[in-house]
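Read the structure below first, then the notes.
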Amino acid sequence: MLGLANNVVTKVASVVTGHHELSLFSMSDKKILDEIYATHHVNVDTSFDDDSLFGIVENILKHATQTVDKIVQGTQVHVENIEEHTPKASFSTPLCTLKSIASEMHCKPPSEEVAHKTTLAILNKLSSYSWEAKAVLTLAAFAMEYGEFWLLAQLQESHRLAKSISILKRVPFLLKPSNLQKRRQAVLELNNLIKTTLQVIEIFDQFDKLSSYDPKDVPELASAMDHIPVDVYWAIVTVVACATKVTILTSDVEKEHDLAPYAQKIHFVLNKLKIQLKICRTQIEEAETYRKLKKTFRTPTEVKEVFKALIFTKDNVQPLIDGSTKQTVEIDILRKKNILLFISSLEISDDDISILKPIYESTKKDNQHKIVWVPIVEQWTDDLRKKFETLRLKMPWYTVQNPATIAGIRFIKEEWNFKGKPTLVVMNPQGKVEHSNAFHMIRVWGTQAFPFTETTEKELSNSHGHKWVGNVVKEIHPTLPNMMKDDKYVFFYGGKDNEWINQFTKKATAFVNDPIFKEAKIHIELFCVGKGSKGEDDHGILGRFWTGIESLFHTKIHKEPDSVSQEIQKLLSYKNESGWAVLSKGHSLVVTGHGVSILKVIEDFDKWKDHVKEKGFEFCFTTYHEKIRVANRPCCRLDIPGSTGKVPETMKCPDCHRSMETFISYKCCHIDGPNAHH
């Protein structure tokens, strides 16, 4: 619309500012700001009651524009009831100021240059007022004239004094049937432009009332308020143009004064302000919901009520869908239950869903735990709604019925650190959060994690922590449970470099088949995780492996560091290296190592193999590996996906225990879907 306005006015006069000629409608915001800020005092008069004045102006212009519609359009117009605004008893009309502004606008020739200069003159006179007050005062000065004109139009036939004054104001001239017929369209365009300008200035007032809110709660407000001076300029320019049009319409000489560019510009401003106002109100509603939810979660409250407050907006509570029957159920089904809120974006995989199915099966028997899927989407589209339905049909538990924006989306993001990846928030029947994300724990320990509280996670971590290898790899390939039984040794290995993988496979195969191990009855298996010689992820093994490691990492990340957490951290730091290896005995870890050091231990087997019978394979391998590792330690780099939840502000190096440097990196693999990061 703005671009159209610029095209329309290229043929009209240019505004002369300094030595440069500029079309009024091609002036940049910066240019406008430079000129109008020169007219504005920093210390404005905040005592002026612009609300009362605007109420009076609104009364006048709504009656006046309605009168115009009735006179010009006759019976075609719909008459609206006008709500009258009463000013405060203490309000005093700044009459001299209004007359001074009106005198600036009276009988000016039609020209963009004149409109611009007149606007600057008005702003100079109103330098000590707020930006909103400047617009209201200018509109009030116009309303005095416009309102009086159409009041006289109504009274001239019945009131002698009104008739005489109306002649001076040239009311009969415009209302003469031949003149009115000829100028009918121009009068209606003027009238509509006045209505639009009134709306714009009314929104200024609404923004002013929102300025008491914390900017952190309403970030859009700052952007809108920063632009108000420019919007005020356009409102005043438009009022000046309207005043000029009134002069022309009551004049004997017809002059060209096209209001279309002003109308297009002020409509652009109005639509922009409406959008910003809507965003601000949404942000305020979210902020109020956020505060209420924080208070709710601090106070023991029946869990169903907590769920209602978190998910639904006022008067919009809807039934849930039972995924097992595909029927709707009332949310009373959640009363006095433990609720497992499965929160996710729509970018979830079948693996993510399958992880919860054993939990669903094990908990539906006791009927005390209910899983509810809560999809988080900022802006819904038809395609996203279809995707929601497709995903919902895969879930046997409860889901929300209609895809809509969740009321407590800010709370979920800020308090539970939701950043897109699946999260499972566990709440007890009193609405207390027992775990802000049990999804990682369930991924590692499955149904053993019941009842999915932080206490359970700590207990599992302490009692089963040393068996973490088995917990992570047990689901990634069907051959692994058998391979790891009877305390067999297994080398899990992989890396980014296929050449390293092939080299390790070749040398490790010769290593594990050495006669010395057969004599000692030591069984060592090899399992390649991830990229093989063809550079492919074999059936998603690589993705599941690293997802499991990351989940295990997140179960330990905010607890006191121990040897297990250091080994997990160390392994995670090898994720993007050319090669890495993990040696386990049964389900327990023996050693994790960088590809360089592990391969070196295998290559140097002849240097330490003679000690195996006497001191044991495990002791010899780890001792020699430590010697190699200390002699050649590459930089340790740990990448933690930002979308997986809360991450610590500082991390200790798992190798040397110094504080690690922090970097922020961004990554895109140019594919969609939940496994894009693998």
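Simple scheme: letters A, B, ... for chains in structure tokens order, numbers from 1 for residues in each chain, numbers from 1 for ligands in the order shown.
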Those of stretch 368-490 of chain A in DSSP alpha helix (DSSP H), formatted as a ChimeraX atom specification: /A:382-392,409-415,439-445,454-464,468-473,480-484
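Across the structure, atom CA of A:Lys506 and atom CA of A:Tyr574 are spaced 20.9 Å apart.
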Quick one: residues within 7 Å of A:Lys496, only C-alpha atoms, excluding same-chain residues fewer than 3 positions away - as a VMD selection string? chain A and resid 576 to 579
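All residues of protein, DNA or RNA that reach within 12 Å of A:Lys295, judged by only C-alpha atoms and not counting those fewer than 5 positions away in the chain, are Glu288, Thr289, Tyr290, Pro300, Thr301, Val306, Ala309, Leu310, Phe411, Gly431 and Lys432 of chain A.
Interatomic distance, atom CA of A:Glu104 to atom CA of A:Ile266: 21.2 Å.
Rounded to one decimal, atom CA of A:Leu270 and atom CA of A:Ser130 lie 19.7 Å from each other.
Between A:Arg184 and the residues A:Asp69, A:Glu614, A:Glu157, A:Glu83, the shortest atom-to-atom distance, using only C-alpha atoms, involves A:Asp69.
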Excluding A:Trp131 and its own-chain neighbours fewer than 3 positions away, which residues fall within 12 Å of it when counting only C-alpha atoms? Please give them as a PyMOL selection string. chain A and resi 36-37+39-46+48+50+123-124+126-128+134-138+201+204-205+207-208+225-236
Please produce a file of the residues just selected, as a CSV table (one decimal), in the first residue's frame, where the atoms kept are N, CA and C atoms.
```csv
chain,number,residue,atom,x,y,z
A,36,ILE,N,11.5,16.5,12.7
A,36,ILE,CA,10.5,16.7,13.8
A,36,ILE,C,11.1,16.7,15.2
A,37,TYR,N,12.2,16.0,15.3
A,37,TYR,CA,12.9,16.0,16.7
A,37,TYR,C,13.4,17.4,17.0
A,39,THR,N,11.9,20.0,16.6
A,39,THR,CA,10.8,20.8,17.2
A,39,THR,C,10.3,20.3,18.6
A,40,HIS,N,11.0,19.2,19.1
A,40,HIS,CA,10.5,18.6,20.3
A,40,HIS,C,11.3,18.8,21.5
A,41,HIS,N,10.7,19.3,22.6
A,41,HIS,CA,11.4,19.5,23.9
A,41,HIS,C,11.6,18.1,24.6
A,42,VAL,N,12.7,17.9,25.2
A,42,VAL,CA,12.9,16.6,25.9
A,42,VAL,C,12.0,16.6,27.1
A,43,ASN,N,11.9,17.7,27.9
A,43,ASN,CA,11.1,17.7,29.1
A,43,ASN,C,9.6,18.1,28.7
A,44,VAL,N,8.8,17.2,28.5
A,44,VAL,CA,7.4,17.5,28.0
A,44,VAL,C,6.5,17.7,29.2
A,45,ASP,N,5.4,18.4,28.9
A,45,ASP,CA,4.4,18.7,29.9
A,45,ASP,C,3.5,17.5,30.1
A,46,THR,N,3.7,16.8,31.2
A,46,THR,CA,2.9,15.6,31.4
A,46,THR,C,1.5,15.8,32.1
A,48,PHE,N,-0.9,17.8,31.0
A,48,PHE,CA,-2.0,18.1,30.1
A,48,PHE,C,-2.9,16.8,30.0
A,50,ASP,N,-4.8,15.0,27.9
A,50,ASP,CA,-5.1,14.8,26.5
A,50,ASP,C,-6.3,13.8,26.3
A,123,LEU,N,4.0,21.6,15.0
A,123,LEU,CA,4.9,20.9,15.9
A,123,LEU,C,5.8,21.9,16.7
A,124,ASN,N,6.2,22.9,16.1
A,124,ASN,CA,7.0,23.9,16.8
A,124,ASN,C,6.1,24.6,17.9
A,126,LEU,N,3.7,23.2,19.4
A,126,LEU,CA,3.4,22.2,20.4
A,126,LEU,C,4.6,21.5,21.0
A,127,SER,N,5.8,22.2,21.0
A,127,SER,CA,7.0,21.5,21.3
A,127,SER,C,7.1,20.9,22.7
A,128,SER,N,6.3,21.5,23.6
A,128,SER,CA,6.4,21.0,25.0
A,128,SER,C,5.4,19.9,25.4
A,134,LYS,N,0.3,16.1,20.9
A,134,LYS,CA,0.4,16.9,19.6
A,134,LYS,C,-0.6,16.5,18.6
A,135,ALA,N,-0.8,15.2,18.4
A,135,ALA,CA,-1.8,14.7,17.5
A,135,ALA,C,-3.2,15.1,17.9
A,136,VAL,N,-3.5,14.9,19.2
A,136,VAL,CA,-4.8,15.2,19.7
A,136,VAL,C,-5.2,16.7,19.6
A,137,LEU,N,-4.2,17.5,19.9
A,137,LEU,CA,-4.5,19.0,19.8
A,137,LEU,C,-4.7,19.4,18.4
A,138,THR,N,-3.9,18.9,17.5
A,138,THR,CA,-4.1,19.2,16.0
A,138,THR,C,-5.5,18.8,15.5
A,201,ILE,N,-5.2,8.1,15.8
A,201,ILE,CA,-4.9,8.9,17.0
A,201,ILE,C,-5.4,8.2,18.3
A,204,PHE,N,-2.9,5.7,19.3
A,204,PHE,CA,-1.8,6.3,20.0
A,204,PHE,C,-2.1,6.3,21.5
A,205,ASP,N,-3.3,6.6,21.9
A,205,ASP,CA,-3.7,6.7,23.3
A,205,ASP,C,-3.7,5.3,23.9
A,207,PHE,N,-1.7,2.8,23.0
A,207,PHE,CA,-0.3,2.5,23.3
A,207,PHE,C,0.3,3.2,24.5
A,208,ASP,N,-0.1,4.5,24.7
A,208,ASP,CA,0.3,5.3,25.8
A,208,ASP,C,-0.1,4.6,27.1
A,225,MET,N,6.5,2.1,20.1
A,225,MET,CA,6.6,3.5,20.7
A,225,MET,C,7.8,4.2,20.0
A,226,ASP,N,8.8,3.5,19.6
A,226,ASP,CA,9.9,4.2,18.9
A,226,ASP,C,9.5,4.8,17.6
A,227,HIS,N,8.4,4.3,17.0
A,227,HIS,CA,7.9,4.8,15.7
A,227,HIS,C,6.8,5.8,15.9
A,228,ILE,N,6.3,6.0,17.1
A,228,ILE,CA,5.1,6.9,17.3
A,228,ILE,C,5.4,8.3,16.7
A,229,PRO,N,6.6,8.9,17.0
A,229,PRO,CA,6.8,10.2,16.4
A,229,PRO,C,6.5,10.3,14.9
A,230,VAL,N,7.0,9.4,14.2
A,230,VAL,CA,6.8,9.4,12.7
A,230,VAL,C,5.3,9.2,12.4
A,231,ASP,N,4.7,8.3,13.1
A,231,ASP,CA,3.2,8.1,12.9
A,231,ASP,C,2.4,9.3,13.3
A,232,VAL,N,2.8,10.1,14.3
A,232,VAL,CA,2.2,11.3,14.7
A,232,VAL,C,2.4,12.3,13.6
A,233,TYR,N,3.6,12.4,13.0
A,233,TYR,CA,3.8,13.3,11.9
A,233,TYR,C,2.8,13.0,10.7
A,234,TRP,N,2.6,11.7,10.4
A,234,TRP,CA,1.7,11.4,9.3
A,234,TRP,C,0.3,11.7,9.6
A,235,ALA,N,-0.1,11.6,10.9
A,235,ALA,CA,-1.5,11.9,11.3
A,235,ALA,C,-1.7,13.4,11.2
A,236,ILE,N,-0.7,14.2,11.6
A,236,ILE,CA,-0.9,15.7,11.6
A,236,ILE,C,-0.9,16.2,10.1
```
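The neighbours of A:Ile476 here are the residues that come within 8 Å of it, using only C-alpha atoms and leaving out any residue fewer than 5 positions away in the same chain; they are Ile541, Arg544 and Phe545 of chain A.
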Which residues in stretch 317-518 of chain A does DSSP call strand (DSSP E or B)? List them as a ChimeraX atom specification. /A:320-322,327-329,338-344,369-375,398-400,423-427,433-435,489-494
Who sits within 8 Å of A:Thr65, only C-alpha atoms, same chain under 2 positions skipped, as a PyMOL selection string: chain A and resi 61-63+67-69+191-192+194-195
Using only C-alpha atoms, find the one residue out of A:Ile60, A:Leu198, A:Val240, A:Ile165 that sits nearest to A:Thr119.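 Checking each of A:Ile60, A:Leu198, A:Val240, A:Ile165 against A:Thr119, counting only C-alpha atoms, the winner is A:Val240.
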